[in-house]
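structure-v8.tsv, holding TSV, C-alpha atoms and all ligand atoms:
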```tsv
chain	number	residue	atom	x	y	z
P	1488	MET	CA	39.32	8.57	8.55
P	1489	THR	CA	40.66	6.95	5.41
P	1490	LEU	CA	38.36	4.26	4.03
P	1491	THR	CA	39.77	0.91	2.98
P	1492	HIS	CA	38.31	-1.94	0.93
P	1493	PRO	CA	35.63	-3.19	1.52
P	1494	ALA	CA	33.58	-0.05	2.29
P	1495	TYR	CA	29.99	-0.89	1.35
P	1496	GLY	CA	27.82	1.97	0.13
P	1497	GLN	CA	30.51	4.62	0.71
P	1498	LEU	CA	32.32	6.43	-2.08
P	1499	ARG	CA	36.02	5.72	-1.57
P	1500	GLN	CA	38.60	7.80	-3.48
P	1501	VAL	CA	41.44	5.63	-4.85
P	1502	THR	CA	43.38	7.70	-7.41
P	1503	GLU	CA	43.16	11.37	-8.35
P	1504	THR	CA	40.33	10.65	-10.78
P	1505	ALA	CA	38.92	7.27	-9.69
P	1506	ALA	CA	36.67	6.50	-6.74
P	1507	VAL	CA	34.90	3.24	-6.02
P	1508	LEU	CA	31.43	2.36	-4.78
P	1509	LEU	CA	31.21	-1.27	-3.66
P	1510	ALA	CA	27.86	-3.00	-4.20
P	1511	ASP	CA	26.50	-5.18	-1.40
P	1512	ASN	CA	26.51	-8.42	-3.41
P	1513	PRO	CA	29.32	-10.50	-1.88
P	1514	GLY	CA	29.56	-14.10	-3.06
P	1515	GLN	CA	31.78	-16.88	-4.25
P	1516	MET	CA	32.10	-15.37	-7.75
P	1517	THR	CA	31.98	-11.69	-6.74
P	1518	LEU	CA	34.43	-11.74	-3.78
P	1519	ASP	CA	33.32	-8.81	-1.56
P	1520	GLY	CA	30.92	-7.58	-4.25
P	1521	THR	CA	31.02	-5.62	-7.50
P	1522	ASN	CA	33.13	-2.46	-7.68
P	1523	THR	CA	31.38	0.37	-9.53
P	1524	TRP	CA	34.11	2.83	-10.50
P	1525	ILE	CA	33.24	6.51	-10.65
P	1526	LEU	CA	35.67	8.71	-12.59
P	1527	ARG	CA	35.85	12.49	-12.34
P	1528	ALA	CA	38.48	14.78	-13.86
P	1529	PRO	CA	39.84	17.62	-11.68
P	1530	GLY	CA	37.61	20.71	-11.85
P	1531	ARG	CA	34.71	18.85	-13.46
P	1532	SER	CA	31.28	18.14	-12.03
P	1533	ASP	CA	30.32	15.38	-14.47
P	1534	HIS	CA	31.41	11.74	-14.28
P	1535	VAL	CA	32.07	8.53	-16.14
P	1536	VAL	CA	30.74	5.37	-14.47
P	1537	ILE	CA	32.35	1.98	-15.12
P	1538	ASP	CA	29.94	-0.95	-14.49
P	1539	PRO	CA	26.56	-0.02	-12.95
P	1540	GLY	CA	26.74	-3.24	-10.91
P	1541	PRO	CA	23.92	-5.63	-10.01
P	1542	GLN	CA	20.20	-4.94	-10.11
P	1543	ASP	CA	19.92	-3.31	-6.68
P	1544	SER	CA	17.96	-0.12	-6.11
P	1545	SER	CA	20.06	0.98	-3.13
P	1546	HIS	CA	23.27	0.65	-5.19
P	1547	ALA	CA	21.69	2.67	-8.01
P	1548	ALA	CA	20.66	5.32	-5.46
P	1549	ALA	CA	24.22	5.42	-4.09
P	1550	ILE	CA	25.62	5.98	-7.62
P	1551	VAL	CA	23.16	8.83	-8.15
P	1552	GLU	CA	24.12	10.37	-4.81
P	1553	ALA	CA	27.86	10.05	-5.52
P	1554	THR	CA	27.55	11.69	-8.95
P	1555	GLY	CA	24.72	14.15	-8.32
P	1556	GLY	CA	23.12	12.36	-11.28
P	1557	GLU	CA	25.68	13.98	-13.62
P	1558	ILE	CA	26.92	11.00	-15.62
P	1559	ALA	CA	28.28	11.89	-19.06
P	1560	LEU	CA	28.80	8.24	-19.96
P	1561	THR	CA	28.52	4.78	-18.47
P	1562	LEU	CA	30.84	2.01	-19.71
P	1563	VAL	CA	30.51	-1.75	-19.24
P	1564	THR	CA	33.46	-4.16	-18.85
P	1565	HIS	CA	31.50	-7.30	-19.84
P	1566	ARG	CA	28.08	-8.90	-19.98
P	1567	HIS	CA	27.80	-10.65	-16.57
P	1568	HIS	CA	24.72	-9.59	-14.60
P	1569	ASP	CA	26.66	-8.49	-11.51
P	1570	HIS	CA	28.05	-5.70	-13.76
P	1571	THR	CA	25.09	-5.02	-16.07
P	1572	GLY	CA	21.96	-5.76	-13.97
P	1573	GLY	CA	21.82	-2.13	-12.81
P	1574	ILE	CA	21.92	-0.53	-16.28
P	1575	ASP	CA	18.22	0.11	-16.74
P	1576	ARG	CA	17.65	1.60	-13.28
P	1577	LEU	CA	20.65	3.92	-13.71
P	1578	THR	CA	19.57	5.12	-17.17
P	1579	GLU	CA	16.05	5.66	-15.80
P	1580	LEU	CA	17.38	7.78	-12.92
P	1581	THR	CA	20.07	9.77	-14.75
P	1582	GLY	CA	19.55	9.42	-18.52
P	1583	THR	CA	23.19	8.35	-18.91
P	1584	PRO	CA	24.18	6.86	-22.25
P	1585	VAL	CA	25.70	3.38	-21.93
P	1586	ARG	CA	28.36	1.79	-24.11
P	1587	ALA	CA	29.59	-1.78	-24.11
P	1588	LYS	CA	31.20	-4.30	-26.46
P	1589	ASP	CA	27.94	-6.27	-26.64
P	1590	SER	CA	25.34	-4.20	-28.51
P	1591	GLY	CA	22.57	-5.57	-26.26
P	1592	PHE	CA	23.73	-3.22	-23.48
P	1593	LEU	CA	23.91	0.00	-25.53
P	1594	ARG	CA	21.61	2.79	-24.32
P	1595	GLY	CA	21.42	6.15	-26.10
P	1596	SER	CA	24.24	5.04	-28.42
P	1597	ASP	CA	24.46	2.67	-31.35
P	1598	ALA	CA	28.25	2.24	-31.27
P	1599	PRO	CA	29.67	-0.87	-29.58
P	1600	LEU	CA	33.10	-0.31	-28.02
P	1601	ALA	CA	35.98	-0.81	-30.46
P	1602	ASP	CA	39.48	-2.03	-29.60
P	1603	GLY	CA	41.94	0.88	-29.55
P	1604	GLU	CA	39.21	3.50	-29.48
P	1605	VAL	CA	39.96	6.55	-27.30
P	1606	ILE	CA	36.86	7.91	-25.60
P	1607	GLU	CA	36.77	11.53	-24.50
P	1608	ALA	CA	34.09	12.19	-21.90
P	1609	ALA	CA	33.73	14.39	-18.81
P	1610	GLY	CA	37.27	15.74	-19.35
P	1611	LEU	CA	38.79	12.25	-19.30
P	1612	ARG	CA	40.61	10.23	-21.96
P	1613	ILE	CA	39.81	6.54	-21.75
P	1614	ALA	CA	41.37	4.00	-24.13
P	1615	VAL	CA	39.45	0.80	-24.86
P	1616	LEU	CA	41.49	-2.42	-24.82
P	1617	ASP	CA	39.89	-5.70	-25.89
P	1618	THR	CA	40.76	-8.31	-23.24
P	1619	PRO	CA	38.62	-11.40	-24.04
P	1620	GLY	CA	39.00	-14.68	-22.14
P	1621	HIS	CA	36.89	-14.36	-18.98
P	1622	THR	CA	34.09	-13.75	-21.50
P	1623	ALA	CA	34.31	-13.05	-25.24
P	1624	ASP	CA	33.09	-9.46	-24.72
P	1625	SER	CA	35.49	-8.48	-21.89
P	1626	VAL	CA	37.25	-5.13	-22.28
P	1627	SER	CA	39.61	-3.09	-20.09
P	1628	PHE	CA	39.75	0.69	-19.88
P	1629	VAL	CA	43.13	2.42	-19.80
P	1630	LEU	CA	43.52	5.78	-18.04
P	1631	ASP	CA	46.70	7.89	-17.70
P	1632	ASP	CA	47.53	6.39	-14.30
P	1633	ALA	CA	45.40	3.23	-13.99
P	1634	VAL	CA	43.72	0.37	-15.84
P	1635	LEU	CA	40.18	-0.81	-15.11
P	1636	THR	CA	40.37	-4.54	-15.77
P	1637	GLY	CA	36.80	-5.73	-15.12
P	1638	ASP	CA	36.93	-9.45	-14.27
P	1639	THR	CA	40.01	-10.09	-16.45
P	1640	ILE	CA	42.29	-9.42	-13.45
P	1641	LEU	CA	40.80	-9.32	-9.96
P	1642	GLY	CA	42.05	-7.72	-6.76
P	1643	ALA	CA	42.32	-11.14	-5.09
P	1644	GLY	CA	42.33	-14.76	-6.25
P	1645	THR	CA	42.14	-15.72	-9.91
P	1646	THR	CA	39.64	-15.25	-12.71
P	1647	VAL	CA	37.23	-17.99	-13.78
P	1648	LEU	CA	36.82	-18.43	-17.53
P	1649	ASP	CA	33.14	-18.56	-18.50
P	1650	SER	CA	32.24	-22.02	-19.80
P	1651	SER	CA	30.02	-20.64	-22.58
P	1652	ASP	CA	32.36	-18.17	-24.30
P	1653	GLY	CA	35.56	-17.87	-22.25
P	1654	ALA	CA	38.77	-19.10	-23.89
P	1655	LEU	CA	42.26	-19.65	-22.55
P	1656	THR	CA	44.09	-18.74	-25.79
P	1657	ASP	CA	42.32	-15.37	-25.76
P	1658	TYR	CA	42.84	-15.00	-22.02
P	1659	LEU	CA	46.62	-15.54	-22.16
P	1660	SER	CA	47.04	-12.95	-24.93
P	1661	SER	CA	44.82	-10.54	-22.98
P	1662	LEU	CA	47.11	-10.95	-19.96
P	1663	ASP	CA	50.09	-10.15	-22.22
P	1664	ARG	CA	48.30	-6.99	-23.38
P	1665	LEU	CA	47.70	-6.02	-19.74
P	1666	VAL	CA	51.39	-6.52	-18.84
P	1667	THR	CA	52.19	-3.89	-21.48
P	1668	ALA	CA	49.24	-1.59	-20.76
P	1669	GLY	CA	49.76	-1.89	-17.00
P	1670	ARG	CA	53.34	-0.68	-16.84
P	1671	GLY	CA	53.51	1.98	-14.10
P	1672	LYS	CA	49.72	2.02	-13.71
P	1673	ALA	CA	47.40	1.06	-10.88
P	1674	LEU	CA	45.07	-1.96	-11.08
P	1675	LEU	CA	41.42	-1.04	-10.56
P	1676	PRO	CA	39.56	-4.39	-10.67
P	1677	ALA	CA	35.81	-5.08	-10.75
P	1678	HIS	CA	36.08	-7.27	-7.63
P	1679	GLY	CA	38.47	-7.10	-4.70
P	1680	PRO	CA	40.91	-4.38	-3.65
P	1681	GLU	CA	42.98	-2.17	-5.98
P	1682	HIS	CA	46.76	-2.45	-6.33
P	1683	PRO	CA	49.29	0.32	-7.04
P	1684	ASP	CA	51.01	-1.61	-9.86
P	1685	LEU	CA	49.18	-3.76	-12.44
P	1686	GLU	CA	52.19	-5.13	-14.33
P	1687	PRO	CA	53.53	-7.59	-11.68
P	1688	ILE	CA	49.99	-8.81	-10.98
P	1689	ALA	CA	49.40	-9.49	-14.69
P	1690	ARG	CA	52.71	-11.39	-14.80
P	1691	SER	CA	51.74	-13.49	-11.77
P	1692	TYR	CA	48.39	-14.31	-13.43
P	1693	ILE	CA	50.30	-15.59	-16.49
P	1694	ALA	CA	52.63	-17.66	-14.29
P	1695	HIS	CA	49.62	-19.12	-12.44
P	1696	ARG	CA	47.90	-20.13	-15.71
P	1697	ARG	CA	51.09	-21.72	-17.05
P	1698	GLU	CA	51.51	-23.65	-13.80
P	1699	ARG	CA	47.90	-24.90	-13.92
P	1700	LEU	CA	48.38	-25.90	-17.59
P	1701	ASP	CA	51.43	-27.95	-16.61
P	1702	GLN	CA	49.38	-29.62	-13.87
P	1703	VAL	CA	46.54	-30.41	-16.30
P	1704	ARG	CA	49.04	-31.86	-18.81
P	1705	GLU	CA	50.46	-33.99	-16.00
P	1706	ALA	CA	46.95	-35.10	-14.93
P	1707	LEU	CA	46.13	-36.15	-18.52
P	1708	ARG	CA	49.29	-38.23	-18.60
P	1709	VAL	CA	47.93	-40.19	-15.61
P	1710	LEU	CA	44.19	-40.14	-16.39
P	1711	GLY	CA	44.42	-40.53	-20.15
P	1712	ALA	CA	44.06	-37.93	-22.89
P	1713	ASP	CA	40.25	-38.11	-22.98
P	1714	ALA	CA	39.71	-37.65	-19.20
P	1715	ASP	CA	36.73	-35.43	-18.42
P	1716	ALA	CA	37.02	-32.02	-16.77
P	1717	MET	CA	35.72	-33.09	-13.37
P	1718	ALA	CA	38.25	-35.94	-13.09
P	1719	VAL	CA	41.01	-33.42	-13.81
P	1720	VAL	CA	39.56	-31.00	-11.23
P	1721	ARG	CA	39.58	-33.69	-8.53
P	1722	ARG	CA	43.26	-34.26	-9.19
P	1723	VAL	CA	44.59	-30.74	-9.91
P	1724	TYR	CA	42.39	-28.79	-7.46
P	1725	ALA	CA	42.74	-31.25	-4.58
P	1726	ASP	CA	44.27	-28.36	-2.55
P	1727	VAL	CA	41.28	-26.09	-3.20
P	1728	ASP	CA	37.99	-25.91	-1.26
P	1729	LYS	CA	35.45	-28.32	-2.83
P	1730	LYS	CA	32.89	-25.49	-3.00
P	1731	LEU	CA	35.04	-23.96	-5.75
P	1732	TRP	CA	35.23	-27.12	-7.86
P	1733	VAL	CA	32.22	-26.27	-10.04
P	1734	ALA	CA	33.86	-22.97	-10.96
P	1735	ALA	CA	37.24	-24.66	-11.38
P	1736	ARG	CA	35.62	-27.12	-13.77
P	1737	SER	CA	34.84	-24.40	-16.33
P	1738	SER	CA	38.46	-23.18	-16.12
P	1739	VAL	CA	39.72	-26.77	-16.54
P	1740	GLN	CA	37.40	-27.24	-19.52
P	1741	ALA	CA	38.97	-24.12	-21.05
P	1742	GLN	CA	42.42	-25.59	-20.36
P	1743	LEU	CA	41.48	-28.90	-21.97
P	1744	ASP	CA	40.17	-27.01	-25.03
P	1745	TYR	CA	43.45	-25.08	-25.14
P	1746	LEU	CA	45.63	-28.21	-24.82
P	1747	ARG	CA	43.69	-30.02	-27.55
P	1748	VAL	CA	44.71	-27.21	-29.94
P	1749	HIS	CA	48.17	-26.25	-28.63
P	1750	GLY	CA	49.34	-29.43	-26.87
P	1801	ZN	ZN	32.29	-11.58	-14.88
```
Can the structure in the file be given as structure tokens, please?
Amino acid sequence: MTLTHPAYGQLRQVTETAAVLLADNPGQMTLDGTNTWILRAPGRSDHVVIDPGPQDSSHAAAIVEATGGEIALTLVTHRHHDHTGGIDRLTELTGTPVRAKDSGFLRGSDAPLADGEVIEAAGLRIAVLDTPGHTADSVSFVLDDAVLTGDTILGAGTTVLDSSDGALTDYLSSLDRLVTAGRGKALLPAHGPEHPDLEPIARSYIAHRRERLDQVREALRVLGADADAMAVVRRVYADVDKKLWVAARSSVQAQLDYLRVHG
């Protein structure tokens, strides 16, 4: 039987080198849960893990079972705890080194990820692409046939920009970078299902952001230039479930910050 998303606790092969293990942490911000990606080159027995996932001992045990504990390197897409909470348990169980943009998550390495760096590990070549916006430390990982986008592009819905260090100017240029990097490559997101072609999804994310920006501009025309984020949310996100308004507010705040600079 072929597995489809979501397949909790079962290793599901998606491309020749990439398989996914979905953590059991569904929620409003995580969709069905966090995808831990497990990469293995043909003929190799060692692996690269992308995002250990949340602090959850059964998820850590499932990663160990899927890899036989042979993890040459673990990489982190960004700082949020549903991606990083499992780091210490996984290093304890397997001794894997961990690399991230944020030096606070480095284990067995003192080199934060650098934009444009090409990592060679476990027979794989993985290019690091800075894609800030969801958070300042967000990165994507580019393989020969796929791009791992973390929370920068999801498998369903749209990305929320973190109110503490997310930024729309950064986010829009990151989406442009992913249009280019994603040409002819699959989308392997940190939440939601994969897609065979990243480029059109990246383009639709850009169109969505531009459309929301137009709506926020229009709302400010009615509400006044110094309207607060929640007043804009009530107007622009009237079609969206109220439960999502708190999250929408941080995206609107990012849009207001953007418009105050760019108009
Ligand atoms: Zn996140």
Nearby polymer residues, ligand ZN 1801 (chain P), at most 12 Å, only C-alpha atoms and all ligand atoms, as number ranges by chain: P: 1515-1518, 1520-1522, 1538, 1540-1541, 1563-1572, 1619-1626, 1636-1641, 1645-1650, 1652-1653, 1676-1678
So that I can see what lies close to Gln1742 (chain P), please list as a VMD selection string the residues with an atom at most 8 Å from it, counting all atoms listed in the file and leaving out residues fewer than 3 positions away in the same chain. chain P and resid 1655 1700 1703 1738 to 1739 1745 to 1746
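In this structure, CA of Asp1617 (chain P) sits 12.3 Å away from CA of Val1605 (chain P).
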Selection: 6 Å around region 1583-1595 of chain P, all atoms listed in the file, excl. self and same-chain fewer than 5 positions, as a list in words: Ile1558, Leu1560, Thr1561, Leu1562, Val1563, Thr1578, Leu1600 and Asp1624 of chain P
Selection near Val1634 (chain P), 6 Å with only C-alpha atoms, sequence-local residues under 3 positions removed, as JSON, numbers by chain: {"P": [1628, 1629, 1630, 1674, 1675]}
Please work out which residues fall within 12 Å of (39.1, -35.7, -9.1), coordinates as given in the file, with all atoms listed in the file counting, and return them as a short mmCIF file (atom, residue, chain, number, x, y, z; two decimals) with C-alpha atoms, in the coordinates of the input.
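Below you can see selection_14.cif, which holds the result:
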```cif
data_model
loop_
_atom_site.label_atom_id
_atom_site.label_comp_id
_atom_site.auth_asym_id
_atom_site.auth_seq_id
_atom_site.Cartn_x
_atom_site.Cartn_y
_atom_site.Cartn_z
CA VAL P 1703 46.54 -30.41 -16.30
CA ALA P 1706 46.95 -35.10 -14.93
CA LEU P 1707 46.13 -36.15 -18.52
CA VAL P 1709 47.93 -40.19 -15.61
CA LEU P 1710 44.19 -40.14 -16.39
CA ALA P 1714 39.71 -37.65 -19.20
CA ASP P 1715 36.73 -35.43 -18.42
CA ALA P 1716 37.02 -32.02 -16.77
CA MET P 1717 35.72 -33.09 -13.37
CA ALA P 1718 38.25 -35.94 -13.09
CA VAL P 1719 41.01 -33.42 -13.81
CA VAL P 1720 39.56 -31.00 -11.23
CA ARG P 1721 39.58 -33.69 -8.53
CA ARG P 1722 43.26 -34.26 -9.19
CA VAL P 1723 44.59 -30.74 -9.91
CA TYR P 1724 42.39 -28.79 -7.46
CA ALA P 1725 42.74 -31.25 -4.58
CA ASP P 1726 44.27 -28.36 -2.55
CA VAL P 1727 41.28 -26.09 -3.20
CA LYS P 1729 35.45 -28.32 -2.83
CA TRP P 1732 35.23 -27.12 -7.86
CA VAL P 1733 32.22 -26.27 -10.04
CA ALA P 1735 37.24 -24.66 -11.38
CA ARG P 1736 35.62 -27.12 -13.77
CA VAL P 1739 39.72 -26.77 -16.54
#
```
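With all atoms listed in the file as the basis for measurement, P:Gly1644 is the residue among P:Glu1705, P:Ser1660, P:Gly1644, P:Leu1731 that approaches Ile1688 (chain P) most closely.
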Measuring atom to atom with only C-alpha atoms, identify which of P:Ala1643, P:Leu1577, P:Val1535, P:Leu1665 is nearest to Thr1618 (chain P).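 For Thr1618 (chain P), the nearest of the candidates is P:Leu1665.
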Quick test: take region 1723-1748 of chain P, keep N, CA and C atoms, and write it as a tab-separated table (two decimals), in the first residue's frame.
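The resulting file, selection.tsv, is shown below:
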```
chain	number	residue	atom	x	y	z
P	1723	VAL	N	-9.89	43.11	6.80
P	1723	VAL	CA	-9.29	42.37	5.68
P	1723	VAL	C	-9.52	40.86	5.81
P	1724	TYR	N	-9.56	40.36	7.04
P	1724	TYR	CA	-9.71	38.91	7.26
P	1724	TYR	C	-11.13	38.55	7.68
P	1725	ALA	N	-12.10	39.38	7.28
P	1725	ALA	CA	-13.49	39.11	7.62
P	1725	ALA	C	-13.94	37.75	7.09
P	1726	ASP	N	-13.30	37.28	5.99
P	1726	ASP	CA	-13.67	36.00	5.37
P	1726	ASP	C	-12.96	34.81	6.02
P	1727	VAL	N	-12.13	35.08	7.02
P	1727	VAL	CA	-11.31	34.02	7.61
P	1727	VAL	C	-11.82	33.70	9.02
P	1728	ASP	N	-11.77	32.44	9.41
P	1728	ASP	CA	-12.18	31.98	10.74
P	1728	ASP	C	-11.55	32.87	11.83
P	1729	LYS	N	-12.38	33.34	12.77
P	1729	LYS	CA	-11.90	34.23	13.83
P	1729	LYS	C	-10.77	33.63	14.67
P	1730	LYS	N	-10.74	32.29	14.74
P	1730	LYS	CA	-9.67	31.63	15.51
P	1730	LYS	C	-8.29	31.96	14.93
P	1731	LEU	N	-8.25	32.33	13.66
P	1731	LEU	CA	-6.97	32.60	13.01
P	1731	LEU	C	-6.58	34.08	13.09
P	1732	TRP	N	-7.43	34.90	13.71
P	1732	TRP	CA	-7.17	36.34	13.69
P	1732	TRP	C	-5.92	36.74	14.46
P	1733	VAL	N	-5.63	36.02	15.56
P	1733	VAL	CA	-4.44	36.38	16.33
P	1733	VAL	C	-3.19	36.16	15.48
P	1734	ALA	N	-3.17	35.04	14.75
P	1734	ALA	CA	-2.05	34.77	13.84
P	1734	ALA	C	-2.04	35.79	12.70
P	1735	ALA	N	-3.22	36.09	12.17
P	1735	ALA	CA	-3.30	37.05	11.06
P	1735	ALA	C	-2.77	38.42	11.50
P	1736	ARG	N	-2.99	38.75	12.78
P	1736	ARG	CA	-2.56	40.04	13.28
P	1736	ARG	C	-1.04	40.23	13.14
P	1737	SER	N	-0.26	39.16	13.38
P	1737	SER	CA	1.19	39.35	13.26
P	1737	SER	C	1.58	39.52	11.79
P	1738	SER	N	0.85	38.84	10.87
P	1738	SER	CA	1.11	39.07	9.44
P	1738	SER	C	0.71	40.49	9.03
P	1739	VAL	N	-0.43	40.97	9.56
P	1739	VAL	CA	-0.87	42.34	9.23
P	1739	VAL	C	0.12	43.36	9.78
P	1740	GLN	N	0.61	43.10	11.01
P	1740	GLN	CA	1.61	44.01	11.57
P	1740	GLN	C	2.83	44.09	10.64
P	1741	ALA	N	3.25	42.93	10.12
P	1741	ALA	CA	4.38	42.90	9.19
P	1741	ALA	C	4.05	43.69	7.91
P	1742	GLN	N	2.78	43.59	7.47
P	1742	GLN	CA	2.38	44.35	6.28
P	1742	GLN	C	2.36	45.85	6.54
P	1743	LEU	N	1.88	46.22	7.73
P	1743	LEU	CA	1.88	47.65	8.09
P	1743	LEU	C	3.32	48.19	8.15
P	1744	ASP	N	4.22	47.39	8.75
P	1744	ASP	CA	5.64	47.80	8.81
P	1744	ASP	C	6.18	47.99	7.40
P	1745	TYR	N	5.83	47.05	6.51
P	1745	TYR	CA	6.29	47.10	5.12
P	1745	TYR	C	5.76	48.37	4.44
P	1746	LEU	N	4.46	48.62	4.58
P	1746	LEU	CA	3.83	49.76	3.89
P	1746	LEU	C	4.36	51.09	4.41
P	1747	ARG	N	4.74	51.14	5.70
P	1747	ARG	CA	5.27	52.39	6.24
P	1747	ARG	C	6.62	52.72	5.61
P	1748	VAL	N	7.34	51.69	5.14
P	1748	VAL	CA	8.63	51.92	4.47
P	1748	VAL	C	8.46	52.09	2.96
```
